[in-house]
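**Student:** Sharing start34.txt (compact mmCIF, C-alpha atoms and all ligand atoms) below.
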```txt
# COMPACT_ATOMS: atom_id res chain seq x y z
CA MET Y 1 -49.71 89.68 -97.73
CA GLN Y 2 -50.55 88.71 -101.32
CA SER Y 3 -47.50 89.06 -103.54
CA SER Y 4 -47.75 90.04 -107.23
CA GLY Y 5 -44.27 88.74 -108.06
CA TYR Y 6 -42.91 92.19 -108.99
CA SER Y 7 -41.17 92.81 -105.72
CA LYS Y 8 -37.71 94.21 -106.55
CA PRO Y 9 -37.74 97.84 -105.32
CA THR Y 10 -36.41 100.42 -107.75
CA LYS Y 11 -36.06 104.19 -108.13
CA SER Y 12 -38.29 106.63 -109.95
CA PRO Y 13 -36.86 108.33 -113.08
CA LEU Y 14 -38.49 111.55 -111.84
CA ARG Y 15 -37.01 114.14 -109.53
CA PHE Y 16 -39.76 115.41 -107.33
CA PRO Y 17 -40.07 118.28 -104.84
CA GLY Y 18 -40.86 116.70 -101.48
CA SER Y 19 -39.89 113.26 -102.80
CA LYS Y 20 -39.67 110.62 -100.12
CA SER Y 21 -36.99 108.59 -101.92
CA LYS Y 22 -34.29 109.35 -99.31
CA VAL Y 23 -36.44 108.69 -96.25
CA LEU Y 24 -38.27 105.54 -97.31
CA LYS Y 25 -36.91 103.57 -94.35
CA LYS Y 26 -39.08 105.67 -92.06
CA PHE Y 27 -42.17 104.39 -93.91
CA GLU Y 28 -41.36 100.69 -93.78
CA THR Y 29 -43.41 99.86 -90.69
CA TYR Y 30 -46.51 101.30 -92.33
CA LEU Y 31 -45.87 99.83 -95.79
CA ASN Y 32 -45.49 96.39 -94.19
CA ILE Y 33 -48.92 96.51 -92.55
CA GLU Y 34 -50.96 93.59 -93.82
CA HIS Y 35 -53.17 94.60 -96.81
CA SER Y 36 -54.69 93.17 -100.00
CA GLU Y 37 -55.08 96.43 -101.96
CA TYR Y 38 -52.66 99.37 -102.10
CA ARG Y 39 -53.63 102.88 -103.23
CA GLU Y 40 -51.72 106.15 -103.59
CA PRO Y 41 -54.14 109.02 -104.33
CA PHE Y 42 -51.21 111.52 -104.69
CA VAL Y 43 -48.51 109.49 -106.39
CA GLY Y 44 -46.30 112.35 -107.71
CA GLY Y 45 -42.91 110.97 -108.71
CA GLY Y 46 -43.85 107.56 -107.32
CA ALA Y 47 -40.87 107.25 -104.96
CA ILE Y 48 -42.90 105.40 -102.34
CA PHE Y 49 -44.49 102.90 -104.71
CA PHE Y 50 -41.28 102.15 -106.61
CA GLY Y 51 -39.34 101.76 -103.36
CA LYS Y 52 -41.97 99.57 -101.65
CA LYS Y 53 -40.53 96.15 -100.84
CA GLN Y 54 -43.70 94.08 -100.95
CA LEU Y 55 -46.25 94.48 -103.69
CA VAL Y 56 -49.81 93.20 -103.63
CA GLU Y 57 -51.95 92.04 -106.53
CA ASN Y 58 -54.08 95.21 -106.62
CA SER Y 59 -52.27 98.54 -106.73
CA TRP Y 60 -53.81 101.86 -107.78
CA LEU Y 61 -51.71 104.97 -108.44
CA ASN Y 62 -53.40 108.31 -109.00
CA ASP Y 63 -52.45 111.94 -109.49
CA LYS Y 64 -54.69 114.77 -110.65
CA ASP Y 65 -51.83 116.14 -112.75
CA ILE Y 66 -52.44 114.69 -116.23
CA ASN Y 67 -48.72 114.89 -117.04
CA ILE Y 68 -47.98 112.43 -114.25
CA GLU Y 69 -50.67 110.03 -115.43
CA SER Y 70 -49.31 110.26 -119.01
CA PHE Y 71 -45.80 109.62 -117.80
CA LEU Y 72 -46.67 106.57 -115.69
CA LEU Y 73 -48.89 105.08 -118.41
CA SER Y 74 -46.11 105.56 -120.97
CA VAL Y 75 -43.58 103.93 -118.65
CA ARG Y 76 -45.97 101.02 -118.14
CA ASP Y 77 -47.02 100.55 -121.77
CA ASN Y 78 -44.36 102.17 -124.01
CA PRO Y 79 -41.02 101.94 -122.18
CA ILE Y 80 -38.98 101.22 -125.30
CA GLN Y 81 -40.38 104.21 -127.26
CA LEU Y 82 -39.74 106.46 -124.27
CA CYS Y 83 -36.15 105.23 -123.99
CA GLU Y 84 -35.60 105.79 -127.72
CA MET Y 85 -36.76 109.39 -127.34
CA ILE Y 86 -34.42 109.89 -124.36
CA TRP Y 87 -31.54 108.36 -126.24
CA ASN Y 88 -32.05 110.57 -129.29
CA ILE Y 89 -31.82 113.97 -127.63
CA GLN Y 90 -29.34 115.97 -125.59
CA PRO Y 91 -31.01 118.85 -123.71
CA THR Y 92 -30.08 122.37 -124.86
CA LEU Y 93 -31.49 125.79 -124.05
CA GLU Y 94 -32.99 125.99 -127.56
CA LEU Y 95 -34.82 122.71 -127.04
CA TRP Y 96 -36.02 123.89 -123.62
CA HIS Y 97 -37.53 127.06 -125.19
CA TYR Y 98 -39.04 124.97 -127.97
CA TYR Y 99 -40.85 122.65 -125.50
CA ARG Y 100 -41.96 125.65 -123.40
CA SER Y 101 -43.66 127.17 -126.47
CA GLN Y 102 -45.60 123.97 -127.23
CA GLU Y 103 -49.23 123.38 -126.26
CA LEU Y 104 -50.11 120.29 -124.23
CA SER Y 105 -49.88 117.52 -126.85
CA GLU Y 106 -52.71 115.18 -127.85
CA SER Y 107 -50.24 112.32 -127.83
CA ARG Y 108 -49.73 110.70 -124.43
CA LEU Y 109 -46.18 109.68 -125.26
CA ILE Y 110 -45.18 113.22 -126.28
CA ARG Y 111 -46.79 114.63 -123.12
CA ALA Y 112 -44.85 112.09 -121.08
CA PHE Y 113 -41.55 112.92 -122.76
CA ARG Y 114 -42.03 116.68 -122.41
CA PHE Y 115 -42.85 116.22 -118.73
CA LEU Y 116 -39.71 114.13 -118.21
CA PHE Y 117 -37.65 116.69 -120.13
CA PHE Y 118 -38.64 119.55 -117.79
CA ASN Y 119 -38.39 117.30 -114.76
CA ARG Y 120 -34.75 116.50 -115.56
CA THR Y 121 -33.69 119.92 -116.88
CA ASN Y 122 -35.45 122.33 -114.50
CA TYR Y 123 -34.26 123.55 -111.15
CA SER Y 124 -35.22 120.97 -108.47
CA GLY Y 125 -37.42 119.13 -110.98
CA ILE Y 126 -40.11 121.84 -110.64
CA TYR Y 127 -42.26 121.86 -113.79
CA ASN Y 128 -42.63 125.65 -114.03
CA ALA Y 129 -39.11 126.58 -112.88
CA ASN Y 130 -36.18 127.86 -114.94
CA PRO Y 131 -33.59 125.47 -116.34
CA ILE Y 132 -30.65 124.25 -114.26
CA GLY Y 133 -27.85 126.76 -114.85
CA GLY Y 134 -30.32 129.59 -115.51
CA LEU Y 135 -31.63 131.17 -118.71
CA LYS Y 136 -28.12 132.32 -119.60
CA GLN Y 137 -26.38 129.07 -118.63
CA LEU Y 138 -23.67 130.93 -116.72
CA SER Y 139 -23.43 128.43 -113.85
CA ALA Y 140 -21.03 125.47 -113.64
CA TRP Y 141 -24.16 123.26 -113.65
CA LYS Y 142 -25.60 123.09 -117.15
CA ILE Y 143 -29.07 122.21 -118.41
CA ASP Y 144 -28.14 118.62 -119.31
CA CYS Y 145 -26.31 117.70 -116.08
CA ARG Y 146 -29.18 115.48 -114.89
CA TRP Y 147 -29.82 113.84 -118.28
CA SER Y 148 -28.05 110.52 -117.83
CA LYS Y 149 -29.45 108.40 -120.64
CA GLU Y 150 -28.26 105.08 -119.18
CA MET Y 151 -29.68 105.78 -115.73
CA LEU Y 152 -33.02 107.04 -117.06
CA CYS Y 153 -33.55 104.10 -119.40
CA LYS Y 154 -32.54 101.58 -116.73
CA ARG Y 155 -35.03 103.05 -114.27
CA ILE Y 156 -37.79 103.25 -116.90
CA ILE Y 157 -37.44 99.56 -117.75
CA GLU Y 158 -37.38 98.55 -114.07
CA CYS Y 159 -40.36 100.76 -113.23
CA SER Y 160 -42.23 99.44 -116.26
CA ASN Y 161 -41.94 95.90 -114.89
CA ARG Y 162 -43.26 97.06 -111.54
CA LEU Y 163 -46.21 98.87 -113.09
CA GLN Y 164 -47.49 96.03 -115.27
CA LYS Y 165 -50.56 95.14 -113.23
CA THR Y 166 -51.12 98.59 -111.75
CA LEU Y 167 -54.16 100.81 -112.26
CA ILE Y 168 -53.09 104.38 -113.15
CA THR Y 169 -55.57 107.27 -113.15
CA SER Y 170 -55.81 111.06 -113.07
CA ILE Y 171 -58.82 111.89 -110.93
CA ASP Y 172 -59.50 113.72 -107.69
CA TYR Y 173 -58.10 112.12 -104.52
CA SER Y 174 -61.61 111.89 -103.06
CA GLU Y 175 -62.66 109.25 -105.60
CA VAL Y 176 -59.70 107.05 -104.76
CA ILE Y 177 -60.40 107.25 -101.03
CA THR Y 178 -64.13 106.61 -101.27
CA ALA Y 179 -63.97 103.72 -103.76
CA PRO Y 180 -64.94 100.52 -101.93
CA GLY Y 181 -62.34 97.79 -101.54
CA ASN Y 182 -61.16 94.81 -99.57
CA ASN Y 183 -58.48 95.31 -96.89
CA VAL Y 184 -57.16 98.51 -98.49
CA LEU Y 185 -54.04 100.43 -97.43
CA LEU Y 186 -54.11 104.10 -98.47
CA MET Y 187 -50.67 105.74 -98.60
CA LEU Y 188 -51.15 109.50 -98.87
CA ASP Y 189 -48.52 112.14 -99.62
CA PRO Y 190 -50.62 115.22 -100.48
CA PRO Y 191 -49.17 118.62 -101.47
CA TYR Y 192 -47.77 120.43 -98.45
CA TYR Y 193 -50.30 122.57 -96.62
CA VAL Y 194 -48.05 125.63 -96.47
CA LYS Y 195 -45.74 125.49 -99.53
CA GLY Y 196 -47.67 123.12 -101.84
CA SER Y 197 -48.78 125.76 -104.35
CA LYS Y 198 -45.15 126.79 -105.00
CA LEU Y 199 -44.00 123.24 -105.72
CA TYR Y 200 -46.67 121.53 -107.81
CA PRO Y 201 -48.72 122.67 -110.83
CA VAL Y 202 -51.72 121.02 -109.15
CA SER Y 203 -51.98 121.86 -105.46
CA MET Y 204 -54.73 121.95 -102.83
CA THR Y 205 -56.71 124.74 -101.16
CA PRO Y 206 -57.26 124.75 -97.37
CA GLU Y 207 -60.84 123.62 -98.08
CA GLU Y 208 -59.57 120.61 -100.03
CA HIS Y 209 -57.25 119.76 -97.14
CA SER Y 210 -60.23 119.94 -94.75
CA TYR Y 211 -62.24 117.64 -97.01
CA LEU Y 212 -59.33 115.19 -97.13
CA ALA Y 213 -59.25 115.07 -93.33
CA TYR Y 214 -63.03 114.57 -93.26
CA LEU Y 215 -62.88 111.66 -95.72
CA LEU Y 216 -60.05 110.02 -93.81
CA GLN Y 217 -61.89 110.35 -90.52
CA ASN Y 218 -64.80 108.47 -92.09
CA THR Y 219 -63.00 105.87 -94.21
CA GLU Y 220 -63.03 102.15 -93.47
CA HIS Y 221 -59.67 101.72 -95.20
CA LYS Y 222 -56.38 101.77 -93.31
CA PHE Y 223 -54.48 104.94 -94.05
CA PHE Y 224 -51.08 106.47 -93.56
CA LEU Y 225 -50.50 110.13 -94.43
CA THR Y 226 -47.35 112.24 -94.45
CA ILE Y 227 -47.57 116.05 -94.52
CA ASP Y 228 -45.82 119.20 -93.29
CA ASP Y 229 -46.06 119.99 -89.60
CA CYS Y 230 -48.13 123.15 -89.06
CA PRO Y 231 -50.87 124.17 -86.61
CA GLU Y 232 -53.63 123.92 -89.24
CA VAL Y 233 -52.79 120.28 -90.01
CA ARG Y 234 -52.53 119.37 -86.32
CA GLU Y 235 -55.97 120.86 -85.82
CA LEU Y 236 -57.52 119.05 -88.83
CA TYR Y 237 -56.25 115.66 -87.63
CA SER Y 238 -56.68 116.07 -83.88
CA TRP Y 239 -58.84 112.90 -83.94
CA ALA Y 240 -56.08 110.67 -85.45
CA ASN Y 241 -52.74 109.22 -84.33
CA ILE Y 242 -50.14 111.93 -85.03
CA ILE Y 243 -46.43 111.08 -84.95
CA PRO Y 244 -43.98 114.00 -85.47
CA GLU Y 245 -40.96 113.16 -87.66
CA THR Y 246 -37.81 115.07 -88.57
CA TRP Y 247 -35.32 114.23 -91.30
CA TYR Y 248 -32.59 115.73 -93.42
CA TYR Y 249 -33.59 115.91 -97.07
CA THR Y 250 -30.01 115.59 -98.25
CA VAL Y 251 -28.42 112.57 -96.64
CA ASN Y 252 -25.01 114.16 -96.01
CA SER Y 253 -26.29 117.59 -95.14
CA LYS Y 254 -26.85 118.87 -91.63
CA LYS Y 255 -27.81 122.33 -92.83
CA LYS Y 256 -30.74 123.77 -90.92
CA ASP Y 257 -32.85 124.56 -93.99
CA ASN Y 258 -32.61 120.98 -95.23
CA LYS Y 259 -34.35 119.70 -92.13
CA GLY Y 260 -37.92 118.56 -92.89
CA LYS Y 261 -40.48 118.64 -90.12
CA GLU Y 262 -43.32 116.35 -91.07
CA LEU Y 263 -46.21 114.58 -89.42
CA PHE Y 264 -47.09 110.94 -89.89
CA ILE Y 265 -50.84 110.62 -89.42
CA THR Y 266 -52.63 107.27 -89.32
CA ASN Y 267 -55.67 105.32 -88.18
CA ILE Y 268 -53.60 102.14 -87.85
C1 LIG Y 301 -46.24 115.73 -102.48
S1 LIG Y 301 -46.58 115.32 -104.12
C2 LIG Y 301 -46.31 113.60 -104.04
C3 LIG Y 301 -44.82 113.27 -103.88
C4 LIG Y 301 -44.52 111.78 -104.07
N1 LIG Y 301 -45.02 110.99 -102.96
C5 LIG Y 301 -43.04 111.51 -104.25
O1 LIG Y 301 -42.40 111.04 -103.29
O2 LIG Y 301 -42.53 111.79 -105.33
C6 LIG Y 301 -48.29 115.64 -104.20
C7 LIG Y 301 -49.01 115.32 -105.51
O3 LIG Y 301 -50.43 115.54 -105.31
C8 LIG Y 301 -51.00 115.88 -106.57
N2 LIG Y 301 -52.34 116.49 -106.34
C9 LIG Y 301 -52.64 117.77 -105.99
N3 LIG Y 301 -53.99 117.93 -105.83
C10 LIG Y 301 -54.55 116.72 -106.08
C11 LIG Y 301 -55.91 116.22 -106.06
N4 LIG Y 301 -56.95 117.03 -105.78
N5 LIG Y 301 -56.13 114.90 -106.32
C12 LIG Y 301 -55.09 114.09 -106.65
N6 LIG Y 301 -53.79 114.50 -106.70
C13 LIG Y 301 -53.52 115.79 -106.41
C14 LIG Y 301 -49.97 116.81 -107.19
O4 LIG Y 301 -50.10 116.82 -108.60
C15 LIG Y 301 -48.64 116.20 -106.70
O5 LIG Y 301 -48.07 115.38 -107.68
```
Go through the file and emit its structure as structure tokens.
Ligand SMILES: C[S@@+](CC[C@H](N)C(=O)[O-])C[C@H]1O[C@@H](n2cnc3c(N)ncnc32)[C@H](O)[C@@H]1O

**Tutor:**
Amino acid sequence: MQSSGYSKPTKSPLRFPGSKSKVLKKFETYLNIEHSEYREPFVGGGAIFFGKKQLVENSWLNDKDINIESFLLSVRDNPIQLCEMIWNIQPTLELWHYYRSQELSESRLIRAFRFLFFNRTNYSGIYNANPIGGLKQLSAWKIDCRWSKEMLCKRIIECSNRLQKTLITSIDYSEVITAPGNNVLLMLDPPYYVKGSKLYPVSMTPEEHSYLAYLLQNTEHKFFLTIDDCPEVRELYSWANIIPETWYYTVNSKKKDNKGKELFITNI
């Protein structure tokens, strides 16, 4: 495998619904498959890319959500400015309402900061959710409980190093899959089929999921996909290798509702 020299795995500064940060070990076999180009058409919080042990020269991260593209580009190109902004504020309810009332900014850096602000102050990191502690802040958990300036800046600097040679875009997944390439590994973590529209501002219709399955059936690239286990998905990928997986989202929790049933789907 070609190495780019930026191989120290790190953690994303973003909290992300459905993040794979706690179950990365399960992906190792697939991430270690020999490849010269690496692509993630649905990068989200980037947990898989930032946690990947081996990096190749050509990596391409994409997400249709423009806030995610702005954030990753700012981390790559303006880490110091982003850290200064983080350092200079302490989240409050007033600030939260102020950012909610703002239009999407023209400035990439401001878009990135606003996105990070909601990601770290909202319930479960969900962009459109209410703040941690609620709109009245009556809970023991307050709006700023996930705003650790040291941790965020450390992760931003580490992720910035990792991203230096990476292509970052905000286009439809289909363009990333169909772009030609040499010995490409596609790592796909699309929105969940059943609950995706509740978790992400940009989600996918059943028709888009069907088109994804069609493109993957016809691609020459190697691919590995992780998605929720439901009859519709099993039907769409009946032609591929399907491996059922179960994990606990919270490492120490054995609660039933924290158990994720997912499918690993691959042509490898
Ligand atoms: C499940 S999340 C990715 C989670 C990520 N792997 C992590 O661990 O943090 C799915 C992502 O797909 C993106 N998305 C939805 N529709 C898309 C499309 N048509 N093309 C590209 N990205 C899309 C969403 O914006 C969301 O960030």

**Student:** So what do you get for CA of Arg76 (chain Y) versus CA of Ser124 (chain Y), distance-wise?

**Tutor:** 24.6 Å

**Student:** Could you give me, as a PyMOL selection string, every polymer residue with an atom at most 9 Å away from an atom of ligand LIG 301 (chain Y), counting all atoms listed in the file?

**Tutor:** chain Y and resi 12+14-21+40-49+62-68+170-176+187-192+196+199-205+208+226-227

**Student:** Mind listing as an NGL selection string all residues within 10 Å of (-33.5, 114.6, -113.8), counting all atoms listed in the file?

**Tutor:** :Y and (13-16 or 116-125 or 143-148 or 151-152)

**Student:** Identify which of the residues Y:Val23, Y:Tyr30, Y:Asp229, Y:Ala129 lies closest to Ile268 (chain Y), counting all atoms listed in the file when measuring atom-to-atom distances.

**Tutor:**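 Answer, going by the shortest atom-to-atom distance: Y:Tyr30.
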
**Student:** If you measure from CA of Val194 (chain Y) to CA of Ile126 (chain Y), what distance in Å do you get, rounded to one decimal?

**Tutor:** 16.7 Å

**Student:** Could you check which of Y:Arg155, Y:Lys25, Y:Arg39, Y:Lys142 is closest to Glu57 (chain Y), using all atoms listed in the file?

**Tutor:** Y:Arg39

**Student:** How far is it from CA of Lys198 (chain Y) to CA of Glu103 (chain Y), in Å with one decimal?

**Tutor:**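 Computed distance, CA of Lys198 (chain Y) to CA of Glu103 (chain Y), equals 21.9 Å.
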
**Student:** What's the 6 Å shell around Val184 (chain Y), counting all atoms listed in the file, without same-chain residues fewer than 4 positions away, as a PyMOL selection string?

**Tutor:** chain Y and resi 35+37-38+221

**Student:** Please list as a ChimeraX atom specification every residue within 12 Å of region 157-161 of chain Y, counting all atoms listed in the file and excluding residues in the same chain fewer than 4 positions away.

**Tutor:** /Y:4-14,45-47,49-52,71-84,150-153,165-166

**Student:** From the set Y:Ile110, Y:Arg100, Y:Lys53, Y:Pro231, which residue has the shortest atom-to-atom contact distance to Tyr127 (chain Y), counting only C-alpha atoms?

**Tutor:** Y:Arg100

**Student:** Looking at all atoms listed in the file, which of Y:Gln90, Y:Ser210, Y:Thr219, Y:Thr169 is the one that sits closest to Val233 (chain Y)?

**Tutor:**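 Selected residue with least distance to Val233 (chain Y): Y:Ser210.
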
**Student:** Please write out, as AutoDock Vina command-line options, where the centre of an axis-aligned box around all listed atoms of region 177-180 of chain Y lies and how long its edges are, in Å to one decimal, after adding 5 Å on each side.

**Tutor:**
```
--center_x -62.7 --center_y 103.9 --center_z -102.4 --size_x 14.5 --size_y 16.7 --size_z 12.7
```

**Student:** Can region 191-202 of chain Y be brought up to all heavy atoms and written out as an mmCIF file, keeping the file's coordinate frame?

**Tutor:**
```cif
data_model
loop_
_atom_site.group_PDB
_atom_site.id
_atom_site.type_symbol
_atom_site.label_atom_id
_atom_site.label_comp_id
_atom_site.auth_asym_id
_atom_site.auth_seq_id
_atom_site.Cartn_x
_atom_site.Cartn_y
_atom_site.Cartn_z
ATOM 1 N N PRO Y 191 -49.997 117.407 -101.428
ATOM 2 C CA PRO Y 191 -49.170 118.620 -101.470
ATOM 3 C C PRO Y 191 -49.077 119.214 -100.066
ATOM 4 O O PRO Y 191 -50.014 119.105 -99.272
ATOM 5 C CB PRO Y 191 -49.963 119.554 -102.383
ATOM 6 C CG PRO Y 191 -50.862 118.676 -103.167
ATOM 7 C CD PRO Y 191 -51.169 117.494 -102.307
ATOM 8 N N TYR Y 192 -47.925 119.820 -99.766
ATOM 9 C CA TYR Y 192 -47.770 120.430 -98.450
ATOM 10 C C TYR Y 192 -48.841 121.495 -98.218
ATOM 11 O O TYR Y 192 -49.234 122.206 -99.137
ATOM 12 C CB TYR Y 192 -46.381 121.072 -98.330
ATOM 13 C CG TYR Y 192 -45.267 120.062 -98.274
ATOM 14 C CD1 TYR Y 192 -44.115 120.225 -99.034
ATOM 15 C CD2 TYR Y 192 -45.371 118.949 -97.450
ATOM 16 C CE1 TYR Y 192 -43.085 119.295 -98.987
ATOM 17 C CE2 TYR Y 192 -44.349 118.009 -97.387
ATOM 18 C CZ TYR Y 192 -43.213 118.187 -98.152
ATOM 19 O OH TYR Y 192 -42.213 117.263 -98.097
ATOM 20 N N TYR Y 193 -49.261 121.595 -96.970
ATOM 21 C CA TYR Y 193 -50.300 122.570 -96.620
ATOM 22 C C TYR Y 193 -49.788 123.992 -96.848
ATOM 23 O O TYR Y 193 -50.464 124.835 -97.420
ATOM 24 C CB TYR Y 193 -50.708 122.386 -95.149
ATOM 25 C CG TYR Y 193 -51.970 123.123 -94.783
ATOM 26 C CD1 TYR Y 193 -53.203 122.471 -94.785
ATOM 27 C CD2 TYR Y 193 -51.942 124.484 -94.443
ATOM 28 C CE1 TYR Y 193 -54.375 123.145 -94.472
ATOM 29 C CE2 TYR Y 193 -53.103 125.168 -94.128
ATOM 30 C CZ TYR Y 193 -54.315 124.495 -94.141
ATOM 31 O OH TYR Y 193 -55.470 125.177 -93.831
ATOM 32 N N VAL Y 194 -48.549 124.257 -96.409
ATOM 33 C CA VAL Y 194 -48.050 125.630 -96.470
ATOM 34 C C VAL Y 194 -47.416 125.964 -97.831
ATOM 35 O O VAL Y 194 -47.788 126.939 -98.464
ATOM 36 C CB VAL Y 194 -47.039 125.899 -95.329
ATOM 37 C CG1 VAL Y 194 -46.462 127.307 -95.444
ATOM 38 C CG2 VAL Y 194 -47.732 125.721 -93.964
ATOM 39 N N LYS Y 195 -46.499 125.119 -98.314
ATOM 40 C CA LYS Y 195 -45.740 125.490 -99.530
ATOM 41 C C LYS Y 195 -46.213 124.783 -100.793
ATOM 42 O O LYS Y 195 -45.608 124.949 -101.852
ATOM 43 C CB LYS Y 195 -44.266 125.140 -99.317
ATOM 44 C CG LYS Y 195 -43.512 126.143 -98.480
ATOM 45 C CD LYS Y 195 -42.024 125.891 -98.608
ATOM 46 C CE LYS Y 195 -41.244 126.779 -97.672
ATOM 47 N NZ LYS Y 195 -39.937 126.241 -97.339
ATOM 48 N N GLY Y 196 -47.272 123.960 -100.706
ATOM 49 C CA GLY Y 196 -47.670 123.120 -101.840
ATOM 50 C C GLY Y 196 -47.851 123.860 -103.148
ATOM 51 O O GLY Y 196 -47.419 123.404 -104.203
ATOM 52 N N SER Y 197 -48.454 125.061 -103.089
ATOM 53 C CA SER Y 197 -48.780 125.760 -104.350
ATOM 54 C C SER Y 197 -47.520 126.248 -105.067
ATOM 55 O O SER Y 197 -47.558 126.520 -106.258
ATOM 56 C CB SER Y 197 -49.726 126.923 -104.072
ATOM 57 O OG SER Y 197 -49.094 127.810 -103.201
ATOM 58 N N LYS Y 198 -46.389 126.348 -104.341
ATOM 59 C CA LYS Y 198 -45.150 126.790 -105.000
ATOM 60 C C LYS Y 198 -44.438 125.615 -105.674
ATOM 61 O O LYS Y 198 -43.573 125.813 -106.520
ATOM 62 C CB LYS Y 198 -44.197 127.396 -103.960
ATOM 63 C CG LYS Y 198 -44.710 128.676 -103.346
ATOM 64 C CD LYS Y 198 -43.536 129.466 -102.735
ATOM 65 C CE LYS Y 198 -44.018 130.757 -102.119
ATOM 66 N NZ LYS Y 198 -44.466 130.617 -100.737
ATOM 67 N N LEU Y 199 -44.767 124.395 -105.268
ATOM 68 C CA LEU Y 199 -44.000 123.240 -105.720
ATOM 69 C C LEU Y 199 -44.649 122.451 -106.856
ATOM 70 O O LEU Y 199 -43.970 121.864 -107.681
ATOM 71 C CB LEU Y 199 -43.748 122.283 -104.545
ATOM 72 C CG LEU Y 199 -42.951 122.844 -103.370
ATOM 73 C CD1 LEU Y 199 -42.882 121.842 -102.243
ATOM 74 C CD2 LEU Y 199 -41.539 123.215 -103.824
ATOM 75 N N TYR Y 200 -45.989 122.409 -106.863
ATOM 76 C CA TYR Y 200 -46.670 121.530 -107.810
ATOM 77 C C TYR Y 200 -47.652 122.316 -108.678
ATOM 78 O O TYR Y 200 -48.364 123.184 -108.169
ATOM 79 C CB TYR Y 200 -47.461 120.440 -107.058
ATOM 80 C CG TYR Y 200 -46.654 119.792 -105.959
ATOM 81 C CD1 TYR Y 200 -46.909 120.070 -104.623
ATOM 82 C CD2 TYR Y 200 -45.611 118.924 -106.269
ATOM 83 C CE1 TYR Y 200 -46.155 119.494 -103.612
ATOM 84 C CE2 TYR Y 200 -44.851 118.349 -105.267
ATOM 85 C CZ TYR Y 200 -45.124 118.642 -103.942
ATOM 86 O OH TYR Y 200 -44.368 118.080 -102.944
ATOM 87 N N PRO Y 201 -47.734 121.989 -109.976
ATOM 88 C CA PRO Y 201 -48.720 122.670 -110.830
ATOM 89 C C PRO Y 201 -50.140 122.455 -110.323
ATOM 90 O O PRO Y 201 -51.001 123.303 -110.466
ATOM 91 C CB PRO Y 201 -48.532 122.013 -112.200
ATOM 92 C CG PRO Y 201 -47.186 121.372 -112.170
ATOM 93 C CD PRO Y 201 -46.896 121.042 -110.736
ATOM 94 N N VAL Y 202 -50.399 121.282 -109.719
ATOM 95 C CA VAL Y 202 -51.720 121.020 -109.150
ATOM 96 C C VAL Y 202 -51.551 120.932 -107.630
ATOM 97 O O VAL Y 202 -50.891 120.025 -107.121
ATOM 98 C CB VAL Y 202 -52.303 119.676 -109.673
ATOM 99 C CG1 VAL Y 202 -53.713 119.469 -109.144
ATOM 100 C CG2 VAL Y 202 -52.286 119.638 -111.192
#
```
